[in-house]
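Text of protein_5.cif, listed as mmCIF, C-alpha atoms:
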data_coords
loop_
_atom_site.label_atom_id
_atom_site.label_comp_id
_atom_site.auth_asym_id
_atom_site.auth_seq_id
_atom_site.Cartn_x
_atom_site.Cartn_y
_atom_site.Cartn_z
CA MET A 293 67.31 13.76 11.99
CA ALA A 294 70.65 14.23 10.28
CA ASN A 295 69.03 13.89 6.85
CA HIS A 296 66.40 16.46 7.80
CA LEU A 297 69.08 18.96 8.86
CA SER A 298 71.03 18.29 5.67
CA ASN A 299 67.95 18.89 3.51
CA SER A 300 67.15 22.09 5.41
CA ARG A 301 70.66 23.41 4.85
CA LEU A 302 70.45 22.53 1.16
CA GLU A 303 67.10 24.30 0.74
CA SER A 304 68.44 27.34 2.60
CA LYS A 305 71.52 27.42 0.39
CA GLN A 306 69.39 27.17 -2.77
CA ARG A 307 67.15 30.03 -1.61
CA HIS A 308 70.22 32.14 -0.86
CA LYS A 309 71.65 31.48 -4.32
CA LYS A 310 68.38 32.42 -6.00
CA LYS A 311 68.13 35.68 -4.05
CA ARG A 312 71.77 36.49 -4.90
CA ARG A 313 71.12 35.93 -8.61
CA GLN A 314 68.05 38.16 -8.49
CA ARG A 315 69.96 40.92 -6.67
CA LEU A 316 72.67 40.70 -9.32
CA ILE A 317 70.20 41.12 -12.17
CA LEU A 318 68.46 43.98 -10.36
CA THR A 319 71.76 45.80 -9.85
CA ILE A 320 72.75 45.41 -13.50
CA LEU A 321 69.47 46.36 -15.13
CA ILE A 322 67.85 49.08 -13.04
CA PRO A 323 69.78 51.99 -14.64
CA MET A 324 69.07 50.44 -18.04
CA PHE A 325 65.33 50.59 -17.47
CA THR A 326 65.49 54.23 -16.52
CA ILE A 327 67.51 55.10 -19.63
CA ILE A 328 65.10 53.18 -21.87
CA LEU A 329 62.06 54.68 -20.18
CA VAL A 330 63.36 58.24 -20.46
CA ALA A 331 64.20 57.70 -24.14
CA ALA A 332 60.81 56.13 -24.77
CA VAL A 333 58.92 58.97 -23.15
CA TYR A 334 60.91 61.61 -25.02
CA ALA A 335 60.61 59.92 -28.42
CA ALA A 336 56.98 58.85 -28.02
CA HIS A 337 55.52 61.75 -26.10
CA LEU A 338 52.83 62.16 -28.75
CA PHE A 339 51.34 58.83 -27.78
CA ALA A 340 48.77 59.44 -25.05
CA THR A 341 49.00 55.83 -23.90
CA VAL A 342 52.66 56.29 -22.93
CA GLU A 343 51.97 59.38 -20.86
CA ASN A 344 48.96 57.77 -19.19
CA GLU A 345 51.02 54.70 -18.25
CA ILE A 346 53.87 56.73 -16.80
CA GLU A 347 51.56 59.12 -14.97
CA GLY A 348 49.84 56.07 -13.51
CA SER A 349 53.12 55.01 -11.90
CA PHE A 350 53.60 58.40 -10.20
CA VAL A 351 53.75 58.20 -6.40
CA GLU A 352 54.95 61.15 -4.35
CA ILE A 353 56.64 60.39 -1.05
CA GLU A 354 56.38 61.94 2.39
CA ARG A 355 59.36 64.03 3.48
CA PRO A 356 60.04 66.14 6.59
CA GLU A 357 60.64 69.05 4.18
CA PRO A 358 59.61 69.50 0.54
CA ALA A 359 62.20 68.37 -1.99
CA GLU A 360 64.21 71.04 -3.75
CA GLU A 361 62.81 71.76 -7.19
CA VAL A 362 65.34 71.33 -10.00
CA ASN A 363 65.37 71.69 -13.76
CA PRO A 364 67.36 68.77 -15.26
CA ILE A 365 68.05 70.78 -18.42
CA ASP A 366 70.42 73.18 -16.66
CA GLN A 367 70.80 71.88 -13.09
CA PRO A 368 72.51 68.75 -11.69
CA VAL A 369 70.00 66.17 -10.48
CA SER A 370 70.15 62.96 -8.46
CA PHE A 371 68.30 59.66 -8.62
CA LEU A 372 67.69 56.74 -6.29
CA PHE A 373 67.01 53.48 -8.16
CA LEU A 374 65.50 50.65 -6.12
CA GLY A 375 64.91 47.05 -7.12
CA ILE A 376 62.47 44.98 -5.10
CA ASP A 377 61.66 41.27 -5.34
CA ASN A 378 57.90 41.63 -5.15
CA ASP A 379 54.86 41.76 -7.45
CA ASP A 380 51.07 41.50 -7.39
CA ASP A 381 51.22 37.70 -7.16
CA ARG A 382 53.66 37.49 -4.25
CA GLN A 383 52.37 40.39 -2.13
CA LEU A 384 55.24 40.17 0.34
CA GLN A 385 54.38 41.84 3.62
CA SER A 386 57.96 42.85 4.46
CA THR A 387 59.60 43.70 1.16
CA ARG A 388 63.20 44.87 1.33
CA ALA A 389 65.19 46.62 -1.37
CA ASP A 390 67.36 44.02 -3.10
CA SER A 391 69.22 46.61 -5.16
CA ILE A 392 70.07 50.21 -4.25
CA ILE A 393 71.76 52.55 -6.72
CA TYR A 394 72.36 56.27 -6.25
CA ALA A 395 73.25 58.33 -9.32
CA THR A 396 73.86 61.96 -10.24
CA LEU A 397 73.50 63.62 -13.65
CA ASN A 398 75.23 66.91 -14.41
CA PRO A 399 74.21 68.69 -17.66
CA HIS A 400 77.25 71.00 -17.50
CA THR A 401 79.95 68.34 -17.24
CA HIS A 402 77.90 65.73 -19.16
CA GLU A 403 78.78 63.15 -16.52
CA MET A 404 76.78 60.56 -14.63
CA ASN A 405 78.19 59.29 -11.35
CA MET A 406 76.74 56.02 -10.09
CA ILE A 407 77.11 54.09 -6.83
CA SER A 408 75.81 50.63 -6.05
CA ILE A 409 75.17 50.45 -2.30
CA PRO A 410 75.53 47.03 -0.64
CA ARG A 411 72.12 46.01 0.70
CA ASP A 412 73.62 44.83 4.02
CA THR A 413 75.35 48.16 4.77
CA TYR A 414 74.88 49.00 8.45
CA VAL A 415 73.40 52.50 8.77
CA PRO A 416 70.98 54.54 10.91
CA ILE A 417 67.47 54.20 9.46
CA MET A 418 65.91 57.67 9.36
CA ARG A 419 62.29 58.80 9.55
CA ASN A 420 61.21 62.44 9.98
CA GLY A 421 64.59 63.50 11.31
CA ASN A 422 64.86 60.72 13.89
CA VAL A 423 66.84 57.49 13.98
CA VAL A 424 64.41 54.56 13.96
CA ARG A 425 67.18 52.06 14.61
CA TRP A 426 70.54 50.92 13.23
CA ASP A 427 70.02 48.16 10.67
CA ARG A 428 70.81 46.97 7.15
CA ILE A 429 70.10 49.77 4.70
CA ASN A 430 67.66 47.60 2.74
CA ALA A 431 65.48 47.35 5.88
CA ALA A 432 64.53 51.00 5.36
CA TYR A 433 62.16 49.93 2.59
CA ALA A 434 60.39 47.44 4.84
CA ILE A 435 59.95 50.16 7.48
CA GLY A 436 58.57 52.91 5.29
CA GLU A 437 59.11 52.10 1.61
CA GLU A 438 60.52 54.90 -0.58
CA SER A 439 59.92 57.63 2.00
CA VAL A 440 62.16 56.10 4.66
CA MET A 441 64.65 54.83 2.09
CA VAL A 442 65.11 58.32 0.61
CA GLN A 443 65.47 59.92 4.04
CA THR A 444 68.02 57.30 5.09
CA ILE A 445 70.14 57.74 1.94
CA GLU A 446 70.05 61.53 2.18
CA GLU A 447 71.16 61.49 5.82
CA TRP A 448 73.83 58.81 5.35
CA LEU A 449 75.48 60.25 2.23
CA ASP A 450 74.62 63.90 2.99
CA VAL A 451 73.22 64.36 -0.52
CA PRO A 452 69.77 65.17 -1.91
CA VAL A 453 67.53 62.66 -3.68
CA HIS A 454 65.58 64.56 -6.32
CA TYR A 455 63.98 61.58 -8.05
CA TYR A 456 63.40 57.94 -7.22
CA ALA A 457 62.34 54.97 -9.35
CA THR A 458 61.40 51.57 -7.91
CA PHE A 459 61.18 48.49 -10.14
CA ASN A 460 60.10 44.95 -9.43
CA PHE A 461 61.60 41.81 -10.90
CA THR A 462 58.74 41.22 -13.34
CA ALA A 463 59.82 44.00 -15.72
CA PHE A 464 63.28 42.68 -16.56
CA LEU A 465 62.49 39.87 -18.98
CA GLU A 466 59.45 41.62 -20.43
CA VAL A 467 61.37 44.69 -21.65
CA ILE A 468 63.79 42.58 -23.69
CA ASP A 469 60.90 40.60 -25.13
CA ALA A 470 59.05 43.85 -25.91
CA LEU A 471 62.08 44.84 -28.01
CA ASP A 472 61.85 41.50 -29.85
CA GLY A 473 65.16 40.47 -28.31
CA ILE A 474 68.71 41.81 -28.49
CA GLU A 475 71.66 40.93 -30.70
CA MET A 476 74.60 39.32 -28.90
CA ASP A 477 77.72 37.31 -29.68
CA VAL A 478 77.60 34.23 -27.43
CA PRO A 479 81.28 33.30 -26.77
CA VAL A 480 80.73 29.56 -26.24
CA THR A 481 77.85 27.08 -26.16
CA ILE A 482 76.22 27.11 -22.72
CA GLN A 483 73.40 25.37 -20.89
CA GLU A 484 71.74 27.31 -18.07
CA MET A 485 68.67 27.41 -15.88
CA ASP A 486 65.76 29.74 -16.68
CA SER A 487 64.25 32.42 -14.46
CA ASN A 488 62.22 29.77 -12.63
CA ASP A 489 65.41 27.83 -11.83
CA ASN A 490 64.59 24.94 -14.17
CA MET A 491 68.00 23.34 -14.69
CA GLY A 492 69.27 23.15 -18.28
CA ALA A 493 66.16 24.86 -19.70
CA ILE A 494 68.19 27.42 -21.72
CA VAL A 495 70.68 26.22 -24.35
CA LEU A 496 72.68 28.83 -26.28
CA GLU A 497 74.88 27.92 -29.20
CA GLU A 498 78.14 29.75 -29.80
CA GLY A 499 77.92 32.67 -32.23
CA TYR A 500 76.20 35.96 -33.02
CA GLN A 501 72.41 35.71 -32.60
CA SER A 502 69.21 37.27 -31.33
CA LEU A 503 68.38 36.50 -27.69
CA ASN A 504 65.00 36.75 -25.99
CA GLY A 505 64.60 37.77 -22.36
CA GLU A 506 65.18 34.33 -20.85
CA GLU A 507 68.22 33.72 -23.06
CA ALA A 508 69.75 37.11 -22.31
CA LEU A 509 69.21 36.48 -18.59
CA ALA A 510 70.98 33.11 -18.87
CA LEU A 511 73.95 34.69 -20.65
CA ALA A 512 74.14 37.50 -18.09
CA ARG A 513 74.25 35.30 -15.03
CA THR A 514 76.10 32.15 -16.10
CA ARG A 515 79.32 31.44 -14.17
CA LYS A 516 80.42 28.54 -16.34
CA ILE A 517 82.38 30.27 -19.11
CA ASP A 518 84.73 32.81 -17.49
CA ASP A 519 85.78 34.56 -14.28
CA ASP A 520 83.96 37.33 -12.41
CA VAL A 521 85.86 40.13 -14.16
CA ALA A 522 85.00 38.84 -17.64
CA ARG A 523 81.45 38.15 -16.47
CA GLY A 524 81.05 41.77 -15.43
CA HIS A 525 82.26 42.90 -18.86
CA ARG A 526 79.81 40.50 -20.53
CA GLN A 527 76.95 41.95 -18.52
CA GLN A 528 77.94 45.47 -19.56
CA LEU A 529 77.83 44.35 -23.20
CA ILE A 530 74.31 43.01 -22.64
CA ILE A 531 73.21 46.34 -21.15
CA GLU A 532 74.70 48.18 -24.12
CA ALA A 533 72.90 45.84 -26.53
CA ILE A 534 69.57 46.50 -24.81
CA ILE A 535 70.06 50.26 -24.84
CA ASP A 536 71.21 50.21 -28.48
CA LYS A 537 68.12 48.25 -29.45
CA ALA A 538 65.82 50.53 -27.46
CA LEU A 539 67.30 53.69 -29.00
CA ASN A 540 67.20 52.29 -32.53
CA PHE A 541 64.82 54.18 -34.79
CA GLN A 542 63.04 50.93 -35.71
CA SER A 543 62.16 50.42 -32.04
CA ILE A 544 60.11 53.62 -31.80
CA THR A 545 56.93 51.69 -32.62
CA LYS A 546 57.64 49.48 -29.59
CA TYR A 547 57.99 52.35 -27.11
CA THR A 548 54.34 52.23 -26.12
CA SER A 549 54.69 48.55 -25.21
CA ILE A 550 57.95 49.21 -23.35
CA ALA A 551 56.44 52.10 -21.39
CA GLU A 552 53.42 49.98 -20.50
CA THR A 553 55.66 47.12 -19.36
CA VAL A 554 57.95 49.28 -17.26
CA GLY A 555 55.23 51.66 -16.08
CA SER A 556 53.08 48.85 -14.70
CA ASN A 557 56.07 47.50 -12.75
CA MET A 558 57.44 50.81 -11.46
CA ARG A 559 56.78 53.57 -8.95
CA THR A 560 58.43 56.97 -9.35
CA ASN A 561 58.10 60.66 -8.51
CA MET A 562 59.15 61.59 -12.07
CA ARG A 563 56.49 63.07 -14.29
CA THR A 564 56.67 62.65 -18.05
CA SER A 565 57.76 66.30 -18.24
CA ASP A 566 60.71 65.48 -15.95
CA MET A 567 61.71 62.55 -18.15
CA ARG A 568 61.58 64.67 -21.27
CA ALA A 569 63.79 67.30 -19.64
CA ILE A 570 66.27 64.63 -18.55
CA ALA A 571 66.35 63.18 -22.05
CA GLN A 572 66.83 66.62 -23.59
CA THR A 573 70.07 67.14 -21.65
CA GLY A 574 71.65 64.24 -23.54
CA LEU A 575 70.65 65.24 -27.06
CA ASN A 576 73.65 67.40 -27.90
CA GLN A 577 76.35 65.35 -26.20
CA SER A 578 76.50 61.90 -24.70
CA PHE A 579 77.17 61.44 -21.00
CA ALA A 580 80.27 59.78 -19.57
CA VAL A 581 79.38 57.27 -16.83
CA GLU A 582 81.61 57.02 -13.77
CA SER A 583 80.89 53.98 -11.60
CA HIS A 584 82.04 53.98 -7.97
CA VAL A 585 82.44 50.91 -5.76
CA PHE A 586 82.67 51.10 -1.98
CA GLU A 587 85.42 49.19 -0.20
CA TRP A 588 83.91 47.32 2.71
CA THR A 589 84.37 44.63 5.33
CA SER A 590 81.83 42.20 6.79
CA PHE A 591 81.00 41.75 10.45
CA MET A 592 78.38 40.13 12.68
CA GLU A 593 76.01 41.87 15.06
CA ARG A 594 72.71 40.63 16.55
CA ASP A 595 73.24 37.41 14.55
CA MET A 596 73.20 39.41 11.30
CA ASP A 597 75.79 39.43 8.52
CA LEU A 598 76.48 43.13 7.99
CA VAL A 599 78.64 45.37 5.82
CA ARG A 600 80.83 48.20 7.14
CA ILE A 601 82.02 50.73 4.53
CA GLN A 602 85.68 51.68 4.87
CA PRO A 603 85.91 55.33 6.05
CA ASP A 604 88.45 56.41 3.39
CA SER A 605 86.40 54.84 0.61
CA PHE A 606 83.22 56.44 1.93
CA SER A 607 84.82 59.90 2.09
CA GLN A 608 86.24 59.69 -1.43
CA ILE A 609 83.00 58.55 -3.03
CA GLN A 610 80.88 60.95 -0.99
CA TYR A 611 83.09 63.84 -2.17
CA ALA A 612 82.84 62.68 -5.80
CA ILE A 613 79.03 62.66 -5.81
CA GLN A 614 78.72 65.88 -3.84
CA ASP A 615 81.13 67.54 -6.27
CA SER A 616 79.16 66.22 -9.23
CA LEU A 617 76.04 67.95 -7.86
CA ASN A 618 77.83 71.24 -7.20
CA ARG A 619 79.82 71.79 -10.39
CA THR A 620 78.33 74.63 -12.41
CA GLU A 621 78.61 75.73 -16.02
CA ARG A 622 81.03 78.51 -15.00
CA GLU A 623 83.34 76.10 -13.19
CA THR A 624 83.26 73.70 -16.12
CA SER A 625 84.14 76.51 -18.56
CA GLN A 626 86.96 77.70 -16.29
CA ASN A 627 88.39 74.18 -16.06
CA ALA A 628 88.23 73.82 -19.83
CA ALA A 629 89.94 77.19 -20.30
CA GLU A 630 92.69 76.28 -17.82
CA THR A 631 93.24 72.96 -19.57
CA GLU A 632 93.47 74.70 -22.96
CA GLU A 633 95.87 77.31 -21.56
CA ASN A 634 98.10 74.63 -20.03
CA THR A 635 98.12 72.76 -23.32
CA THR A 636 99.06 75.94 -25.21
CA ASN A 637 101.83 76.79 -22.76
CA THR A 638 103.21 73.27 -22.95
CA SER A 639 103.19 73.41 -26.75
CA SER A 640 104.92 76.83 -26.80
CA SER A 641 107.54 75.65 -24.35
CA LYS A 642 108.24 72.59 -26.47
CA GLN A 643 108.64 74.74 -29.60
CA ASN A 644 111.12 77.02 -27.81
CA ASP A 645 113.10 74.02 -26.63
CA ASP A 646 113.23 72.69 -30.17
CA GLN A 647 114.58 76.01 -31.44
#
If you took the structure in this file and wrote it as structure tokens, what would it be?
Amino acid sequence: MANHLSNSRLESKQRHKKKRRQRLILTILIPMFTIILVAAVYAAHLFATVENEIEGSFVEIERPEPAEEVNPIDQPVSFLFLGIDNDDDRQLQSTRADSIIYATLNPHTHEMNMISIPRDTYVPIMRNGNVVRWDRINAAYAIGEESVMVQTIEEWLDVPVHYYATFNFTAFLEVIDALDGIEMDVPVTIQEMDSNDNMGAIVLEEGYQSLNGEEALALARTRKIDDDVARGHRQQLIIEAIIDKALNFQSITKYTSIAETVGSNMRTNMRTSDMRAIAQTGLNQSFAVESHVFEWTSFMERDMDLVRIQPDSFSQIQYAIQDSLNRTERETSQNAAETEENTTNTSSSKQNDDQ
């Protein structure tokens, strides 16, 4: 009996670790897929296969009121990125969102603000203006997929969701392989498990090299070579390497394959015309990315481990994203003029002091 309980605990712990690793990869890579997909659609819009694949992933969602129409070229827009651990083979009947990221893009300030929302955050789940129940925020997807998730996020943060994109876990490795790998400098020799949790299946030698999807995944998630802070930086470098490879001119011929890979593992309310408009906003000037992290505490209720966002942290981040959606071209120009005037006054004052 004791051995049976011990084995059950071990299996439960292993399942928990696997889910945590998958959530980590989802959180890291979801924005990357959107960036690559938008670039691919913009650069390869002449290829009918790309447009057909993306249009095939289009799914509009039910809302109590129609979504506000926006033009990403000259208006701030918002996105909800969702990562789910499900595919055609698994066919889970109660899929929850393993990764939830809200982002804003402002063409006037050339800034992207991004928030990763803890999946266990305790919130009111909303449907058609009514509270279904209080639960983990990721349960909204199980209740009503993107429709309920969007309504819950909009009500909780008091912000609009103009576009959503939902990805499953299948796409992650395939995109890197579609790019024929990425170039990375492996800091030390490591031995890691693969995506199927086969221990020691991936061996990476120290040095600069090309990594395929499985190898890049192993480098992204290993905990054996540094601490969590350095690990986060390493994962950012991997994201940058993927984006650099995807935006490289030599990768244009691979965009059809990338779009097919992502499109077949995605649902979104973005049309190809929307993606082209979003891409066009970044042609003249790159966007600065501001990442926000909620401060939170854990607590138990109804035998569930839950997350409570600290009120001060919530208010600060909510203001930042609301402000990013409200700043206009006029305000941006005024701020720039005020900054220039202050700089000029400071310089003149310094010259007078020197005299």
Picked residues, the PyMOL selection byres ((chain A and resi 507) around 10), as a VMD selection string: chain A and resid 465 468 473 to 474 484 to 487 493 to 496 502 to 506 508 to 512
Residues near Leu374 (chain A), anyone? I mean within 7 Å using all atoms listed in the file, not counting same-chain ones fewer than 6 positions away, as a compact mmCIF listing (two decimals) with C-alpha atoms, keeping the file's coordinate frame.
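Written output follows (result13.txt):
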# COMPACT_ATOMS: atom_id res chain seq x y z
CA ALA A 389 65.19 46.62 -1.37
CA SER A 391 69.22 46.61 -5.16
CA ILE A 392 70.07 50.21 -4.25
CA ILE A 393 71.76 52.55 -6.72
CA ALA A 457 62.34 54.97 -9.35
CA THR A 458 61.40 51.57 -7.91
CA PHE A 459 61.18 48.49 -10.14
Distance criterion (only C-alpha atoms): nearest to Phe591 (chain A) out of A:Asn488, A:Thr413, A:Trp448, A:Asn420: A:Thr413
Atom pair CA of Asp412 (chain A) / CA of Ser590 (chain A): separation (Å): 9.1 Å
Residue among A:Arg515, A:Arg355, A:Lys537, A:Arg388 lying closest to Gly421 (chain A), counting all atoms listed in the file: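 Checking each of A:Arg515, A:Arg355, A:Lys537, A:Arg388 against Gly421 (chain A), counting all atoms listed in the file, the winner is A:Arg355.
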Write out as AutoDock Vina command-line options an axis-aligned box for region 585-604 of chain A: all of its atoms listed in the file, 3 Å added on each side, centre and edge lengths in Å with one decimal.
--center_x 80.6 --center_y 46.9 --center_z 5.4 --size_x 21.7 --size_y 25.0 --size_z 28.3
Residues selected by the PyMOL selection byres ((chain A and resi 398) around 7), written as a CSV table (one decimal) with C-alpha atoms, in the coordinates of the input:
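So the final result, stored in out_22.csv, reads:
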chain,number,residue,atom,x,y,z
A,367,GLN,CA,70.8,71.9,-13.1
A,368,PRO,CA,72.5,68.8,-11.7
A,369,VAL,CA,70.0,66.2,-10.5
A,396,THR,CA,73.9,62.0,-10.2
A,397,LEU,CA,73.5,63.6,-13.6
A,399,PRO,CA,74.2,68.7,-17.7
A,400,HIS,CA,77.2,71.0,-17.5
A,401,THR,CA,80.0,68.3,-17.2
A,402,HIS,CA,77.9,65.7,-19.2
A,403,GLU,CA,78.8,63.2,-16.5
A,404,MET,CA,76.8,60.6,-14.6
A,616,SER,CA,79.2,66.2,-9.2
A,617,LEU,CA,76.0,68.0,-7.9
CA of Ile429 (chain A) to CA of Val451 (chain A), distance in Å rounded to a single decimal: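 Answer for the CA of Ile429 (chain A) to CA of Val451 (chain A) separation: 15.8 Å.
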Hits from the PyMOL selection byres ((chain A and resi 555) around 10), listed as number ranges by chain: A: 329, 342-350, 459, 463, 549-554, 556-560
